[in-house]
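Chemist: Quick one: structure below, then a few questions.
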Number of protein chains: 2
Amino acid sequence: MSNKSSISIPASGRERLRRRGDARRLEILRAAGRIFRQRGYSQAGMRDIAAAADISSGNLYHYFRGKHEILYFCQDRTLDTMLQALASTRGNGGSALERLREVLTAHVHTILDDVEGTAAHLEVDALPADLRVTIIRKRDRYESGLRRLVGEVISEERLPRRDPRIITRAMLGALNWTVRWYRPQGPASVKTVARDLMDFLMGGLTAPGNDGAAGPADSKGGRR
Amino acid sequence: MSNKSSISIPASGRERLRRRGDARRLEILRAAGRIFRQRGYSQAGMRDIAAAADISSGNLYHYFRGKHEILYFCQDRTLDTMLQALASTRGNGGSALERLREVLTAHVHTILDDVEGTAAHLEVDALPADLRVTIIRKRDRYESGLRRLVGEVISEERLPRRDPRIITRAMLGALNWTVRWYRPQGPASVKTVARDLMDFLMGGLTAPGNDGAAGPADSKGGRR
């Protein structure tokens, strides 16, 4: 792309500046993630984020127009990481069950990681409408990828018929809920939590189930 | 309690008035639940709630001092219903597994029910600090009751050792997450969703598990 700058900086210098800006942006997002986790999104102020990122409030506004924009970029990065994990397992030779376990383990680490993780992942409603649409679209893409993978497990493992939508959402709920209760100072490491959750969720998916009950009642009957 | 009213209303009349007030309050909470579900708590206004409850805004403030107070009473009622479900299964003769399934089925119906349910159940952070403390205490009481029940299932069914805290929270996450995605107009009834979730969660709890892996790694190791 051609990009004529009025200030004459050699291309390599411009590139360096851009990179430095990106690195700074990333530092700010990490600091914001910490603050969001500590105080909750609604209670966090731009001033807190600036302090945590060790820059002035004025400088913070140079990088992000407001808390909404920071939240947006936090969620966008989180979803990119998750989509990447989903993509990277494709064709890695593992069974669908192994791949699902891998993707969901990455999911837990992504949202709980000390440095990168952010409870703000769930605060989609706090975004202004235009930014929200982009995030929801990306989130839907991730969810439908997971749903396909759950469907693959069901057919590969010849499991009793069940609704992959409900199971996928149950899994996402169990995983995303961790940001509400997990404390890094607590007794369990992220690795332990992820492993216990995986044992539980994969156990639920591959459980023999109530053959009869999983039949036509999948759709709404006449009565509710 | 002695309560000398300056207006002379016979006791039975006062009682009738009180009851009428309680019924009105309940109607308002139900209307608020609908509005919270439709627009999200942060987007809902007192005016919307008043319109949905078919009363004037002024009259609404006669019953509740603000949106926070409505939210508080919504959550308080929801938790009371859940605690009741937990208490009523005790000593009903069923196995721990049956009782857990019963309580968690009631949980899904409580939060998704068309009339009574409210997505606002999760918006604990939106409460002012003093009200939040009361709700969190009640929620903790419910969660520890569930945890005990999960522990009972593990010992009654002689399941491999696992952490009831993580499993209980995984279950709560899977259930509470439904308020984010469940739509009454969608393909599945609350009953179907509850049944599929129960099959999945009970399957996860009673799955044979990785015997070896569930050992001492329950606590944080030297490395993280």
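Letters A, B, ... go to the chains of the structure tokens in the order shown; residues in each chain start at 1; ligands are counted from 1 in the same order.
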So that I can see what lies close to region 81-96 of chain B, please list as a VMD selection string the residues with an atom at most 10 Å from it, counting only C-alpha atoms and leaving out residues fewer than 5 positions away in the same chain.
Modeler: chain B and resid 75 to 76 101 to 111 138 to 139 141 to 143 145 to 146 148 to 157
Chemist: For chain A against chain B, which residues fall within 6 Å using only C-alpha atoms, given as a PyMOL selection string?
Modeler: chain A and resi 170+173-174+177+187-189+200-201+203-204+207+219-220
Chemist: Using CA of Arg77 (chain B) and CA of Arg37 (chain A) as the two end points, give the distance in Å to one decimal.
Modeler: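 Taking CA of Arg77 (chain B) as the start and CA of Arg37 (chain A) as the end point, the length is 27.9 Å.
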Chemist: If you run DSSP on the backbone here, which positions in region 2-215 of chain A get alpha helix (DSSP H)? Please write them as number ranges by chain.
Modeler: A: 11-39, 46-53, 57-63, 67-89, 96-112, 129-156, 164-176, 178-181, 190-206
Chemist: Take the residues just selected and output them with C-alpha atoms as a short mmCIF file (atom, residue, chain, number, x, y, z; two decimals), in the first residue's frame.
Modeler:
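New file out_33.cif:
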data_model
loop_
_atom_site.label_atom_id
_atom_site.label_comp_id
_atom_site.auth_asym_id
_atom_site.auth_seq_id
_atom_site.Cartn_x
_atom_site.Cartn_y
_atom_site.Cartn_z
CA ALA A 11 10.97 3.54 5.28
CA SER A 12 12.98 1.43 7.74
CA GLY A 13 12.59 4.15 10.38
CA ARG A 14 8.84 4.35 9.81
CA GLU A 15 8.63 0.59 10.12
CA ARG A 16 10.54 0.75 13.41
CA LEU A 17 8.19 3.43 14.72
CA ARG A 18 5.15 1.41 13.70
CA ARG A 19 6.52 -1.65 15.42
CA ARG A 20 7.32 0.30 18.53
CA GLY A 21 3.73 1.62 18.49
CA ASP A 22 2.37 -1.92 18.14
CA ALA A 23 4.48 -3.15 21.03
CA ARG A 24 3.27 -0.26 23.18
CA ARG A 25 -0.32 -0.98 22.21
CA LEU A 26 0.14 -4.60 23.25
CA GLU A 27 1.61 -3.54 26.61
CA ILE A 28 -1.41 -1.32 27.17
CA LEU A 29 -3.83 -4.12 26.29
CA ARG A 30 -2.08 -6.41 28.77
CA ALA A 31 -2.23 -3.77 31.49
CA ALA A 32 -5.90 -3.17 30.69
CA GLY A 33 -6.55 -6.93 30.89
CA ARG A 34 -5.10 -6.96 34.40
CA ILE A 35 -7.19 -3.98 35.48
CA PHE A 36 -10.36 -5.42 33.96
CA ARG A 37 -9.75 -8.66 35.82
CA GLN A 38 -9.04 -6.93 39.12
CA ARG A 39 -11.89 -4.41 39.16
CA MET A 46 -8.83 5.02 31.77
CA ARG A 47 -6.71 6.53 34.53
CA ASP A 48 -6.23 3.09 36.17
CA ILE A 49 -5.27 1.59 32.83
CA ALA A 50 -2.79 4.41 32.15
CA ALA A 51 -1.23 3.92 35.59
CA ALA A 52 -0.97 0.16 35.11
CA ALA A 53 0.62 0.67 31.70
CA SER A 57 -3.62 9.47 30.50
CA GLY A 58 -3.00 11.81 27.57
CA ASN A 59 -0.60 9.35 26.00
CA LEU A 60 -3.12 6.53 26.53
CA TYR A 61 -5.70 8.44 24.47
CA HIS A 62 -3.10 8.69 21.73
CA TYR A 63 -3.27 4.90 21.37
CA LYS A 67 -12.20 2.22 27.25
CA HIS A 68 -14.58 0.78 24.66
CA GLU A 69 -11.83 0.65 22.07
CA ILE A 70 -9.46 -1.06 24.51
CA LEU A 71 -12.15 -3.61 25.33
CA TYR A 72 -12.71 -4.18 21.63
CA PHE A 73 -9.04 -4.87 20.94
CA CYS A 74 -8.79 -7.15 24.00
CA GLN A 75 -11.69 -9.25 22.74
CA ASP A 76 -10.46 -9.16 19.17
CA ARG A 77 -7.02 -10.48 20.17
CA THR A 78 -8.52 -13.16 22.38
CA LEU A 79 -10.76 -14.40 19.58
CA ASP A 80 -7.88 -14.34 17.08
CA THR A 81 -5.85 -16.55 19.42
CA MET A 82 -8.76 -18.97 19.77
CA LEU A 83 -9.43 -19.10 16.04
CA GLN A 84 -5.74 -19.75 15.48
CA ALA A 85 -5.80 -22.65 17.94
CA LEU A 86 -8.81 -24.06 16.11
CA ALA A 87 -7.12 -23.72 12.72
CA SER A 88 -3.78 -25.13 13.84
CA THR A 89 -5.28 -28.44 15.01
CA ALA A 96 -11.42 -35.30 16.56
CA LEU A 97 -11.59 -35.90 20.32
CA GLU A 98 -7.89 -35.12 20.74
CA ARG A 99 -8.20 -32.02 18.60
CA LEU A 100 -11.22 -30.78 20.55
CA ARG A 101 -9.38 -31.28 23.82
CA GLU A 102 -6.42 -29.37 22.43
CA VAL A 103 -8.50 -26.41 21.24
CA LEU A 104 -10.45 -26.16 24.49
CA THR A 105 -7.28 -26.41 26.58
CA ALA A 106 -5.90 -23.49 24.58
CA HIS A 107 -9.19 -21.68 25.25
CA VAL A 108 -8.73 -21.95 29.02
CA HIS A 109 -5.13 -20.79 28.83
CA THR A 110 -6.08 -17.89 26.58
CA ILE A 111 -8.65 -16.49 28.98
CA LEU A 112 -6.88 -17.29 32.26
CA ALA A 129 -23.16 -1.47 18.59
CA ASP A 130 -20.77 -1.14 15.62
CA LEU A 131 -17.81 -2.75 17.41
CA ARG A 132 -20.07 -5.37 18.95
CA VAL A 133 -21.19 -6.62 15.54
CA THR A 134 -17.60 -7.37 14.48
CA ILE A 135 -16.83 -9.24 17.69
CA ILE A 136 -20.06 -11.22 17.63
CA ARG A 137 -19.36 -12.26 14.04
CA LYS A 138 -15.90 -13.49 14.98
CA ARG A 139 -17.21 -15.23 18.08
CA ASP A 140 -19.87 -16.97 15.99
CA ARG A 141 -17.17 -18.15 13.60
CA TYR A 142 -15.25 -19.66 16.50
CA GLU A 143 -18.35 -21.26 17.97
CA SER A 144 -19.40 -22.83 14.68
CA GLY A 145 -15.88 -24.23 14.25
CA LEU A 146 -16.15 -25.84 17.67
CA ARG A 147 -19.62 -27.15 16.86
CA ARG A 148 -18.31 -28.84 13.73
CA LEU A 149 -15.52 -30.41 15.75
CA VAL A 150 -17.99 -31.67 18.37
CA GLY A 151 -20.06 -33.12 15.51
CA GLU A 152 -16.95 -34.87 14.17
CA VAL A 153 -16.27 -36.39 17.59
CA ILE A 154 -19.84 -37.67 17.79
CA SER A 155 -19.63 -39.41 14.41
CA GLU A 156 -16.00 -40.57 14.75
CA PRO A 164 -23.90 -30.50 19.16
CA ARG A 165 -25.19 -26.94 19.62
CA ILE A 166 -26.24 -27.49 23.21
CA ILE A 167 -23.09 -29.47 24.04
CA THR A 168 -20.80 -26.86 22.46
CA ARG A 169 -22.49 -24.11 24.42
CA ALA A 170 -22.35 -26.11 27.64
CA MET A 171 -18.60 -26.50 27.09
CA LEU A 172 -18.13 -22.81 26.31
CA GLY A 173 -20.14 -21.91 29.40
CA ALA A 174 -18.05 -24.14 31.65
CA LEU A 175 -14.84 -22.68 30.21
CA ASN A 176 -15.80 -19.02 30.05
CA THR A 178 -13.66 -19.69 34.85
CA VAL A 179 -12.90 -15.97 34.49
CA ARG A 180 -15.50 -15.39 37.19
CA TRP A 181 -13.98 -17.63 39.80
CA VAL A 190 -4.35 -22.89 35.18
CA LYS A 191 -2.90 -26.15 33.90
CA THR A 192 -4.68 -28.17 36.60
CA VAL A 193 -7.95 -26.34 36.07
CA ALA A 194 -7.71 -26.90 32.32
CA ARG A 195 -6.96 -30.60 32.76
CA ASP A 196 -9.80 -31.19 35.24
CA LEU A 197 -12.22 -29.30 33.02
CA MET A 198 -11.16 -31.31 29.98
CA ASP A 199 -11.58 -34.63 31.81
CA PHE A 200 -15.03 -33.51 32.85
CA LEU A 201 -16.16 -32.12 29.49
CA MET A 202 -14.73 -34.91 27.35
CA GLY A 203 -16.27 -37.40 29.79
CA GLY A 204 -19.65 -35.71 29.32
CA LEU A 205 -19.32 -35.75 25.55
CA THR A 206 -18.32 -39.41 25.29
#
Chemist: Work out how far apart CA of Arg65 (chain B) and CA of Gly45 (chain B) are and give it in Å to one decimal.
Modeler: 13.1 Å
